[in-house]
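What follows is the content of entry.txt, which has compact mmCIF, C-alpha atoms:
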```txt
# COMPACT_ATOMS: atom_id res chain seq x y z
CA ASP A 97 -62.52 -33.14 41.53
CA ASN A 98 -59.30 -32.55 43.49
CA ILE A 99 -58.30 -29.59 41.32
CA ASN A 100 -57.94 -26.41 43.27
CA PRO A 101 -60.31 -23.94 41.66
CA ASN A 102 -57.85 -21.16 42.51
CA SER A 103 -54.92 -22.69 40.51
CA PHE A 104 -53.92 -21.46 37.05
CA ASP A 105 -51.16 -21.94 34.43
CA LEU A 106 -48.38 -19.35 34.31
CA ARG A 107 -46.47 -19.31 31.04
CA LEU A 108 -42.80 -18.37 31.46
CA LYS A 109 -40.39 -17.11 28.79
CA ALA A 110 -36.70 -16.29 29.23
CA GLN A 111 -33.98 -15.04 26.91
CA CYS A 112 -30.29 -15.79 27.43
CA LEU A 113 -27.93 -13.16 26.02
CA TYR A 114 -24.16 -12.76 25.77
CA PRO A 115 -22.16 -9.56 25.51
CA ASP A 116 -21.80 -9.14 21.76
CA VAL A 117 -20.91 -6.85 18.84
CA ASP A 118 -22.12 -6.52 15.26
CA LYS A 119 -19.71 -8.78 13.34
CA SER A 120 -20.91 -8.02 9.80
CA PRO A 121 -18.16 -6.62 7.50
CA GLU A 122 -20.51 -3.79 6.52
CA SER A 123 -20.56 -2.67 10.16
CA VAL A 124 -16.90 -3.31 10.94
CA PHE A 125 -15.29 -1.81 7.80
CA GLN A 126 -15.93 1.50 6.11
CA LYS A 127 -15.66 0.06 2.58
CA VAL A 128 -16.93 -3.32 1.32
CA VAL A 129 -16.63 -4.51 -2.31
CA ASN A 130 -17.73 -7.71 -4.02
CA LYS A 131 -14.57 -8.53 -6.02
CA LEU A 132 -10.83 -7.87 -5.88
CA THR A 133 -9.46 -5.69 -8.71
CA ASN A 134 -6.17 -3.88 -9.39
CA ARG A 135 -7.76 -0.74 -7.97
CA THR A 136 -9.00 -2.27 -4.72
CA GLU A 137 -7.56 -0.53 -1.66
CA TYR A 138 -8.59 -0.32 1.99
CA ALA A 139 -11.66 -2.47 1.39
CA PHE A 140 -13.16 -5.74 2.62
CA VAL A 141 -13.59 -8.10 -0.36
CA SER A 142 -16.73 -10.21 0.08
CA GLU A 143 -15.74 -12.79 -2.55
CA LEU A 144 -12.50 -13.60 -0.67
CA ASN A 145 -13.78 -12.90 2.85
CA GLU A 146 -10.65 -10.80 3.31
CA PHE A 147 -9.70 -7.17 3.92
CA HIS A 148 -7.22 -5.78 1.37
CA PHE A 149 -5.01 -2.79 2.01
CA GLY A 150 -4.16 -2.81 -1.70
CA ALA A 151 -0.76 -2.04 -3.23
CA LEU A 152 1.40 0.00 -0.85
CA LEU A 153 4.85 1.53 -0.95
CA VAL A 154 7.47 -0.30 1.11
CA ALA A 155 7.96 1.76 4.27
CA LYS A 156 11.16 3.24 5.63
CA GLU A 157 12.81 1.35 8.46
CA ARG A 158 10.91 2.15 11.63
CA THR A 159 12.53 3.08 14.92
CA LYS A 160 11.06 1.82 18.18
CA ASN A 161 8.80 4.79 18.93
CA GLN A 162 7.77 5.68 15.38
CA PRO A 163 4.18 4.97 14.30
CA PHE A 164 3.37 2.33 11.71
CA GLN A 165 3.03 3.62 8.15
CA TYR A 166 -0.46 2.26 7.44
CA ARG A 167 -3.55 1.82 9.68
CA GLN A 168 -7.04 0.42 9.26
CA SER A 169 -9.80 0.71 11.83
CA MET A 170 -12.31 -1.98 12.77
CA LYS A 171 -15.47 -0.47 14.26
CA PHE A 172 -17.46 -2.56 16.72
CA PHE A 173 -21.01 -1.65 17.69
CA ASN A 174 -22.45 -3.16 20.88
CA PRO A 175 -26.15 -4.12 20.35
CA SER A 176 -26.33 -6.09 23.61
CA PRO A 177 -27.57 -4.78 26.99
CA PHE A 178 -24.17 -5.57 28.57
CA GLU A 179 -20.82 -3.86 28.69
CA THR A 180 -18.71 -5.69 26.09
CA GLN A 181 -14.95 -6.18 26.06
CA VAL A 182 -13.32 -7.09 22.74
CA ASN A 183 -9.73 -8.41 22.59
CA ALA A 184 -7.83 -8.69 19.29
CA PHE A 185 -4.80 -10.89 18.53
CA LEU A 186 -2.69 -11.44 15.41
CA THR A 187 -2.17 -14.95 14.02
CA ASN A 188 -1.35 -16.78 10.75
CA LEU A 189 1.27 -14.20 9.74
CA SER A 190 2.86 -15.04 6.40
CA LEU A 191 4.78 -13.83 3.35
CA THR A 192 3.93 -15.27 -0.05
CA THR A 193 7.52 -15.67 -1.26
CA SER A 194 8.92 -17.47 1.80
CA SER A 195 7.96 -19.48 4.87
CA SER A 196 11.40 -19.47 6.49
CA SER A 197 11.89 -18.45 10.10
CA SER A 198 13.45 -15.13 9.04
CA ALA A 199 10.45 -14.42 6.79
CA LEU A 200 8.05 -15.18 9.61
CA ASN A 201 10.01 -12.87 11.88
CA GLN A 202 9.81 -10.16 9.25
CA ALA A 203 6.06 -10.69 8.91
CA SER A 204 5.57 -10.50 12.67
CA HIS A 205 7.25 -7.09 12.77
CA ALA A 206 5.08 -5.80 9.92
CA TRP A 207 1.77 -6.03 11.82
CA LYS A 208 0.47 -4.56 15.05
CA ILE A 209 -2.84 -4.22 16.93
CA GLU A 210 -3.68 -0.92 18.63
CA ASP A 211 -6.43 0.03 21.10
CA SER A 212 -7.14 -3.53 22.20
CA PRO A 213 -8.95 -4.44 24.38
CA ALA A 214 -11.91 -2.20 23.57
CA ILE A 215 -14.57 -1.80 26.27
CA ILE A 216 -17.88 -0.87 24.66
CA GLN A 217 -20.98 0.28 26.49
CA PRO A 218 -24.47 -0.82 25.23
CA GLY A 219 -25.43 1.08 22.09
CA GLU A 220 -21.94 2.49 21.60
CA THR A 221 -19.12 1.92 19.08
CA LYS A 222 -15.37 1.60 19.65
CA GLU A 223 -12.45 1.12 17.25
CA ILE A 224 -9.56 -1.34 17.21
CA PHE A 225 -6.77 -0.59 14.72
CA VAL A 226 -4.77 -2.98 12.52
CA CYS A 227 -1.39 -1.38 11.73
CA PHE A 228 0.96 -2.38 8.90
CA HIS A 229 4.59 -1.43 8.19
CA PRO A 230 6.23 -3.53 5.43
CA SER A 231 10.01 -3.56 5.17
CA SER A 232 10.31 -5.38 1.83
CA ALA A 233 8.30 -6.02 -1.32
CA ASP A 234 6.01 -9.02 -0.85
CA LEU A 235 2.40 -10.09 -0.34
CA TYR A 236 1.71 -10.05 3.39
CA LYS A 237 -1.17 -11.88 5.06
CA ALA A 238 -2.49 -12.02 8.62
CA THR A 239 -5.55 -13.04 10.58
CA VAL A 240 -7.00 -10.95 13.40
CA LYS A 241 -8.74 -13.17 15.96
CA LEU A 242 -11.28 -11.48 18.19
CA PHE A 243 -12.56 -12.66 21.54
CA ILE A 244 -15.47 -11.18 23.49
CA LYS A 245 -15.33 -11.55 27.27
CA ASP A 246 -18.08 -13.91 28.57
CA ASN A 247 -18.99 -14.86 24.99
CA PRO A 248 -17.97 -18.39 23.92
CA GLU A 249 -17.92 -17.64 20.17
CA PRO A 250 -14.70 -16.04 18.88
CA PHE A 251 -14.58 -14.62 15.35
CA SER A 252 -11.88 -13.41 12.98
CA PHE A 253 -11.03 -11.32 9.91
CA ASN A 254 -8.32 -12.01 7.33
CA PHE A 255 -6.05 -9.20 6.11
CA ALA A 256 -3.79 -8.89 3.04
CA ALA A 257 -1.43 -6.20 1.76
CA GLU A 258 0.92 -6.06 -1.21
CA ALA A 259 4.07 -4.07 -0.51
CA CYS A 260 5.75 -2.76 -3.66
CA LEU A 261 8.95 -0.98 -4.66
CA PRO A 262 8.53 1.69 -7.35
CA SER A 263 10.52 1.15 -10.54
CA ILE A 264 10.47 1.93 -14.25
CA GLU A 265 11.62 0.14 -17.39
CA LEU A 266 13.33 2.18 -20.12
CA SER A 267 12.93 1.69 -23.87
CA THR A 268 16.71 2.03 -24.34
CA MET A 269 19.87 2.55 -22.29
CA THR A 270 21.61 4.52 -25.06
CA LEU A 271 20.57 7.69 -26.88
CA ASP A 272 22.76 8.15 -29.96
CA PHE A 273 22.28 11.40 -31.89
CA ASP A 274 24.91 10.44 -34.50
CA LYS A 275 26.71 13.23 -36.39
CA LEU A 276 24.89 16.52 -36.93
CA LEU A 277 25.74 19.73 -38.74
CA LEU A 278 26.15 22.85 -36.63
CA LYS A 279 22.82 24.26 -35.43
CA GLN A 280 21.02 21.19 -36.71
CA VAL A 281 18.37 20.04 -34.21
CA LYS A 282 17.55 16.43 -33.45
CA LYS A 283 15.12 14.95 -30.95
CA LEU A 284 15.05 11.46 -29.47
CA VAL A 285 12.35 9.95 -27.25
CA LEU A 286 12.99 7.83 -24.18
CA VAL A 287 9.93 5.81 -23.06
CA MET A 288 9.51 5.03 -19.36
CA LYS A 289 7.15 2.18 -18.48
CA ASN A 290 5.75 1.32 -15.04
CA ASN A 291 4.75 -2.34 -14.67
CA ASN A 292 4.03 -2.04 -10.96
CA ARG A 293 0.78 -1.41 -9.07
CA ILE A 294 1.96 1.84 -7.48
CA PRO A 295 2.96 5.14 -9.13
CA ALA A 296 6.63 5.70 -9.95
CA ILE A 297 7.95 9.21 -9.27
CA TRP A 298 11.01 9.93 -11.42
CA LYS A 299 13.50 12.80 -11.64
CA ILE A 300 16.58 13.58 -13.70
CA ASN A 301 19.63 13.69 -11.46
CA LYS A 302 21.58 16.99 -11.76
CA PRO A 303 19.88 18.26 -14.95
CA ASN A 304 21.94 21.50 -14.90
CA GLN A 305 25.04 19.62 -16.09
CA PHE A 306 23.38 19.30 -19.53
CA ASN A 307 22.69 23.04 -19.98
CA GLY A 308 23.76 24.30 -23.41
CA VAL A 309 24.16 20.73 -24.70
CA PHE A 310 20.91 18.83 -24.24
CA SER A 311 17.42 19.96 -23.30
CA PHE A 312 14.56 17.89 -21.92
CA SER A 313 10.80 18.08 -22.35
CA CYS A 314 10.57 17.73 -18.55
CA ILE A 315 12.96 16.91 -15.73
CA GLU A 316 10.59 15.02 -13.43
CA GLY A 317 7.20 13.34 -13.45
CA VAL A 318 5.01 10.45 -12.36
CA VAL A 319 4.41 7.23 -14.29
CA GLN A 320 1.06 5.81 -13.24
CA PRO A 321 0.62 2.06 -12.62
CA ARG A 322 0.71 0.11 -15.90
CA GLY A 323 1.36 3.42 -17.68
CA THR A 324 4.13 5.11 -19.69
CA ASN A 325 5.83 8.53 -19.90
CA ASN A 326 7.77 9.91 -22.85
CA LEU A 327 10.89 11.97 -22.20
CA GLU A 328 11.95 14.00 -25.24
CA VAL A 329 15.68 14.81 -25.40
CA THR A 330 16.85 17.52 -27.81
CA TYR A 331 20.42 18.13 -29.03
CA THR A 332 21.86 21.01 -31.02
CA SER A 333 25.22 22.77 -31.05
CA SER A 334 26.69 25.94 -32.56
CA LYS A 335 30.27 24.66 -32.34
CA PRO A 336 32.04 21.45 -33.40
CA GLN A 337 32.20 18.99 -30.54
CA VAL A 338 31.93 15.35 -29.51
CA VAL A 339 29.70 14.78 -26.52
CA LYS A 340 29.51 11.71 -24.36
CA LYS A 341 27.46 12.09 -21.20
CA GLN A 342 25.58 9.91 -18.78
CA LEU A 343 21.97 10.71 -17.96
CA GLN A 344 20.73 9.40 -14.60
CA ILE A 345 17.02 9.02 -13.91
CA ASP A 346 16.12 8.28 -10.30
CA VAL A 347 12.88 6.73 -9.03
CA LEU A 348 11.90 8.29 -5.69
CA ASP A 349 9.34 8.15 -2.92
CA SER A 350 6.59 10.77 -2.61
CA THR A 351 8.82 13.04 -0.49
CA LYS A 352 11.62 12.77 -3.07
CA GLN A 353 14.03 12.02 -0.23
CA LYS A 354 14.61 8.31 -0.81
CA THR A 355 15.86 6.78 -4.05
CA PHE A 356 14.53 3.33 -4.91
CA GLN A 357 16.10 2.94 -8.35
CA SER A 358 18.75 4.69 -10.48
CA ASN A 359 18.80 4.24 -14.25
CA LYS A 360 21.87 5.37 -16.22
CA ILE A 361 21.51 6.17 -19.92
CA GLN A 362 24.48 6.87 -22.16
CA ILE A 363 24.03 9.90 -24.46
CA ASN A 364 26.30 10.33 -27.50
CA ALA A 365 26.32 13.21 -29.97
CA GLU A 366 28.71 14.88 -32.43
CA SER A 367 28.49 18.23 -34.23
CA PHE A 368 30.69 19.19 -37.18
CA ASP A 369 31.20 22.01 -39.66
CA VAL A 370 31.57 21.70 -43.42
```
Do you think you could lay out the structure here as structure tokens?
Amino acid sequence: DNINPNSFDLRLKAQCLYPDVDKSPESVFQKVVNKLTNRTEYAFVSELNEFHFGALLVAKERTKNQPFQYRQSMKFFNPSPFETQVNAFLTNLSLTTSSSSSALNQASHAWKIEDSPAIIQPGETKEIFVCFHPSSADLYKATVKLFIKDNPEPFSFNFAAEACLPSIELSTMTLDFDKLLLKQVKKLVLVMKNNNRIPAIWKINKPNQFNGVFSFSCIEGVVQPRGTNNLEVTYTSSKPQVVKKQLQIDVLDSTKQKTFQSNKIQINAESFDV
């Protein structure tokens, strides 16, 4: 009886939101794969919950102002109605082969974050870059921790990269043509094998020194990962002679300016008249 006939119930509903970004790997990374294989590169691997750069060539020593050799972007989309600030930090830096203080120092110099913090307006996307510059062959790992201003829930992504040095294995270190009659032709095959996960660029050092004595099926080439190349060496002579020479095959970088490996093969041959 005391109820005011003019009163009524007012239902209230409120939603509490934080500044936020889309944290799904499919949104953050350009390439997402289910499993890690020998061909995986620059991809987030769902099975391992880890981004893999893949197998990379060890970089040249970097001076202070030079850019890092390798970069990977993380794209962050802001679905919230607020301006969002994302800060990225590196942690858990490691090398597989060693946990010494010098190894940790080496790992710390191999990674860098660029364009952090990123300030993202509602409905927009900004990038933060993870940079990598390995100085020695090893498996490098790092974690990028991300913090959003005024959001209590940090998140992170794991990164891995395998730095490799190109090299080849040779089927023999001596090519012996034995004794041949004048103008007799003999061919021997040298097999080059690449057991690494990166291509090996090879080149004969100073091939002109063999002119008129030995000829080669090619003087440079590329041995693909887990692949082989055959180098055919031909000898013939129109005059009696004994030849002992050293063939040098260098393994280079893509610019052919830096030598990573030098292989020396002894070549013996003799021509005689009857």
Q) Out of A:Lys340, A:Lys131, A:Lys289, A:Lys282, which residue has the shortest atom-to-atom distance to Pro321 (chain A) when counting only C-alpha atoms? A) A:Lys289
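Atom pair CA of Ala206 (chain A) / CA of Thr192 (chain A): separated by 13.8 Å.
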Q: Enumerate, as a ChimeraX atom specification, the protein, DNA and RNA residues whose atoms approach (2.7, -5.2, -0.3) to within 10 Å, taking into account only C-alpha atoms and the coordinate frame of the file.
A: /A:149-155,191,228-237,256-261,293
Q: May I have the residues within 8 Å of Leu286 (chain A) as a list in words, using only C-alpha atoms and disregarding those fewer than 3 positions away in the same chain?
A: Leu266, Ser267, Thr268, Asn326, Leu327, Glu328 and Val329 of chain A
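Proximity ranking of A:Gln344, A:Ser196, A:Thr159, A:Ser350 relative to Ile300 (chain A) places A:Gln344 first, based on all atoms listed in the file.
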Q. What is the distance, in Å and to one decimal place, between CA of Val141 (chain A) and CA of Val129 (chain A)?
A. 5.1 Å
For region 127-161 of chain A in the structure I just supplied, write out N, CA and C atoms - as a PDB file, in the first residue's frame.
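After the write, result.pdb holds the following:
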```pdb
ATOM      1  N   LYS A 127      52.864 -14.735 -41.603  1.00  0.00           N
ATOM      2  CA  LYS A 127      52.836 -16.147 -41.991  1.00  0.00           C
ATOM      3  C   LYS A 127      52.731 -17.018 -40.742  1.00  0.00           C
ATOM      4  N   VAL A 128      51.750 -17.928 -40.727  1.00  0.00           N
ATOM      5  CA  VAL A 128      51.558 -18.861 -39.629  1.00  0.00           C
ATOM      6  C   VAL A 128      51.464 -20.277 -40.210  1.00  0.00           C
ATOM      7  N   VAL A 129      52.265 -21.211 -39.659  1.00  0.00           N
ATOM      8  CA  VAL A 129      52.238 -22.607 -40.106  1.00  0.00           C
ATOM      9  C   VAL A 129      51.984 -23.504 -38.901  1.00  0.00           C
ATOM     10  N   ASN A 130      51.526 -24.715 -39.177  1.00  0.00           N
ATOM     11  CA  ASN A 130      51.195 -25.641 -38.081  1.00  0.00           C
ATOM     12  C   ASN A 130      52.431 -26.297 -37.486  1.00  0.00           C
ATOM     13  N   LYS A 131      53.372 -26.745 -38.366  1.00  0.00           N
ATOM     14  CA  LYS A 131      54.523 -27.511 -37.893  1.00  0.00           C
ATOM     15  C   LYS A 131      55.830 -26.920 -38.414  1.00  0.00           C
ATOM     16  N   LEU A 132      56.908 -27.208 -37.675  1.00  0.00           N
ATOM     17  CA  LEU A 132      58.247 -26.774 -38.062  1.00  0.00           C
ATOM     18  C   LEU A 132      58.857 -27.803 -39.006  1.00  0.00           C
ATOM     19  N   THR A 133      59.351 -27.359 -40.159  1.00  0.00           N
ATOM     20  CA  THR A 133      60.059 -28.221 -41.105  1.00  0.00           C
ATOM     21  C   THR A 133      61.392 -27.578 -41.464  1.00  0.00           C
ATOM     22  N   ASN A 134      62.207 -28.290 -42.265  1.00  0.00           N
ATOM     23  CA  ASN A 134      63.493 -27.749 -42.691  1.00  0.00           C
ATOM     24  C   ASN A 134      63.333 -26.526 -43.594  1.00  0.00           C
ATOM     25  N   ARG A 135      62.140 -26.358 -44.150  1.00  0.00           N
ATOM     26  CA  ARG A 135      61.905 -25.237 -45.056  1.00  0.00           C
ATOM     27  C   ARG A 135      61.200 -24.063 -44.381  1.00  0.00           C
ATOM     28  N   THR A 136      60.901 -24.195 -43.103  1.00  0.00           N
ATOM     29  CA  THR A 136      60.208 -23.112 -42.401  1.00  0.00           C
ATOM     30  C   THR A 136      61.112 -21.896 -42.267  1.00  0.00           C
ATOM     31  N   GLU A 137      60.609 -20.738 -42.675  1.00  0.00           N
ATOM     32  CA  GLU A 137      61.351 -19.488 -42.504  1.00  0.00           C
ATOM     33  C   GLU A 137      60.378 -18.331 -42.374  1.00  0.00           C
ATOM     34  N   TYR A 138      60.708 -17.412 -41.491  1.00  0.00           N
ATOM     35  CA  TYR A 138      59.898 -16.224 -41.220  1.00  0.00           C
ATOM     36  C   TYR A 138      58.428 -16.598 -41.028  1.00  0.00           C
ATOM     37  N   ALA A 139      58.189 -17.502 -40.088  1.00  0.00           N
ATOM     38  CA  ALA A 139      56.820 -17.970 -39.848  1.00  0.00           C
ATOM     39  C   ALA A 139      56.620 -18.278 -38.367  1.00  0.00           C
ATOM     40  N   PHE A 140      55.392 -18.045 -37.884  1.00  0.00           N
ATOM     41  CA  PHE A 140      55.015 -18.444 -36.531  1.00  0.00           C
ATOM     42  C   PHE A 140      54.549 -19.889 -36.594  1.00  0.00           C
ATOM     43  N   VAL A 141      55.140 -20.742 -35.741  1.00  0.00           N
ATOM     44  CA  VAL A 141      54.832 -22.179 -35.742  1.00  0.00           C
ATOM     45  C   VAL A 141      53.849 -22.450 -34.611  1.00  0.00           C
ATOM     46  N   SER A 142      52.624 -22.793 -34.963  1.00  0.00           N
ATOM     47  CA  SER A 142      51.563 -22.984 -33.963  1.00  0.00           C
ATOM     48  C   SER A 142      51.888 -24.113 -33.000  1.00  0.00           C
ATOM     49  N   GLU A 143      52.435 -25.213 -33.518  1.00  0.00           N
ATOM     50  CA  GLU A 143      52.733 -26.383 -32.691  1.00  0.00           C
ATOM     51  C   GLU A 143      53.703 -26.043 -31.564  1.00  0.00           C
ATOM     52  N   LEU A 144      54.654 -25.142 -31.823  1.00  0.00           N
ATOM     53  CA  LEU A 144      55.680 -24.778 -30.841  1.00  0.00           C
ATOM     54  C   LEU A 144      55.377 -23.462 -30.132  1.00  0.00           C
ATOM     55  N   ASN A 145      54.341 -22.759 -30.602  1.00  0.00           N
ATOM     56  CA  ASN A 145      54.017 -21.435 -30.076  1.00  0.00           C
ATOM     57  C   ASN A 145      55.246 -20.528 -30.124  1.00  0.00           C
ATOM     58  N   GLU A 146      55.883 -20.499 -31.308  1.00  0.00           N
ATOM     59  CA  GLU A 146      57.173 -19.829 -31.449  1.00  0.00           C
ATOM     60  C   GLU A 146      57.334 -19.322 -32.882  1.00  0.00           C
ATOM     61  N   PHE A 147      57.915 -18.127 -33.016  1.00  0.00           N
ATOM     62  CA  PHE A 147      58.221 -17.605 -34.348  1.00  0.00           C
ATOM     63  C   PHE A 147      59.620 -18.057 -34.744  1.00  0.00           C
ATOM     64  N   HIS A 148      59.761 -18.582 -35.966  1.00  0.00           N
ATOM     65  CA  HIS A 148      61.053 -19.057 -36.451  1.00  0.00           C
ATOM     66  C   HIS A 148      61.515 -18.241 -37.653  1.00  0.00           C
ATOM     67  N   PHE A 149      62.705 -17.646 -37.512  1.00  0.00           N
ATOM     68  CA  PHE A 149      63.323 -16.980 -38.645  1.00  0.00           C
ATOM     69  C   PHE A 149      63.768 -17.998 -39.691  1.00  0.00           C
ATOM     70  N   GLY A 150      64.072 -19.213 -39.254  1.00  0.00           N
ATOM     71  CA  GLY A 150      64.609 -20.231 -40.145  1.00  0.00           C
ATOM     72  C   GLY A 150      66.123 -20.255 -40.074  1.00  0.00           C
ATOM     73  N   ALA A 151      66.744 -20.889 -41.077  1.00  0.00           N
ATOM     74  CA  ALA A 151      68.201 -20.966 -41.155  1.00  0.00           C
ATOM     75  C   ALA A 151      68.729 -19.733 -41.871  1.00  0.00           C
ATOM     76  N   LEU A 152      69.657 -19.011 -41.220  1.00  0.00           N
ATOM     77  CA  LEU A 152      70.161 -17.752 -41.745  1.00  0.00           C
ATOM     78  C   LEU A 152      71.689 -17.760 -41.792  1.00  0.00           C
ATOM     79  N   LEU A 153      72.228 -17.016 -42.725  1.00  0.00           N
ATOM     80  CA  LEU A 153      73.670 -16.866 -42.827  1.00  0.00           C
ATOM     81  C   LEU A 153      74.188 -15.995 -41.692  1.00  0.00           C
ATOM     82  N   VAL A 154      75.275 -16.428 -41.065  1.00  0.00           N
ATOM     83  CA  VAL A 154      75.927 -15.601 -40.041  1.00  0.00           C
ATOM     84  C   VAL A 154      76.278 -14.252 -40.654  1.00  0.00           C
ATOM     85  N   ALA A 155      75.957 -13.181 -39.936  1.00  0.00           N
ATOM     86  CA  ALA A 155      76.131 -11.829 -40.474  1.00  0.00           C
ATOM     87  C   ALA A 155      77.555 -11.320 -40.257  1.00  0.00           C
ATOM     88  N   LYS A 156      77.929 -10.349 -41.089  1.00  0.00           N
ATOM     89  CA  LYS A 156      79.212  -9.685 -40.900  1.00  0.00           C
ATOM     90  C   LYS A 156      79.176  -8.866 -39.612  1.00  0.00           C
ATOM     91  N   GLU A 157      80.352  -8.640 -39.051  1.00  0.00           N
ATOM     92  CA  GLU A 157      80.417  -7.846 -37.827  1.00  0.00           C
ATOM     93  C   GLU A 157      79.824  -6.464 -38.071  1.00  0.00           C
ATOM     94  N   ARG A 158      78.947  -6.062 -37.170  1.00  0.00           N
ATOM     95  CA  ARG A 158      78.190  -4.824 -37.356  1.00  0.00           C
ATOM     96  C   ARG A 158      78.843  -3.666 -36.609  1.00  0.00           C
ATOM     97  N   THR A 159      78.981  -2.524 -37.298  1.00  0.00           N
ATOM     98  CA  THR A 159      79.440  -1.327 -36.615  1.00  0.00           C
ATOM     99  C   THR A 159      78.260  -0.670 -35.908  1.00  0.00           C
ATOM    100  N   LYS A 160      78.540   0.317 -35.110  1.00  0.00           N
ATOM    101  CA  LYS A 160      77.523   0.898 -34.223  1.00  0.00           C
ATOM    102  C   LYS A 160      76.286   1.394 -34.956  1.00  0.00           C
ATOM    103  N   ASN A 161      76.470   2.047 -36.085  1.00  0.00           N
ATOM    104  CA  ASN A 161      75.343   2.675 -36.781  1.00  0.00           C
ATOM    105  C   ASN A 161      74.768   1.834 -37.919  1.00  0.00           C
TER     106      ASN A 161
END
```
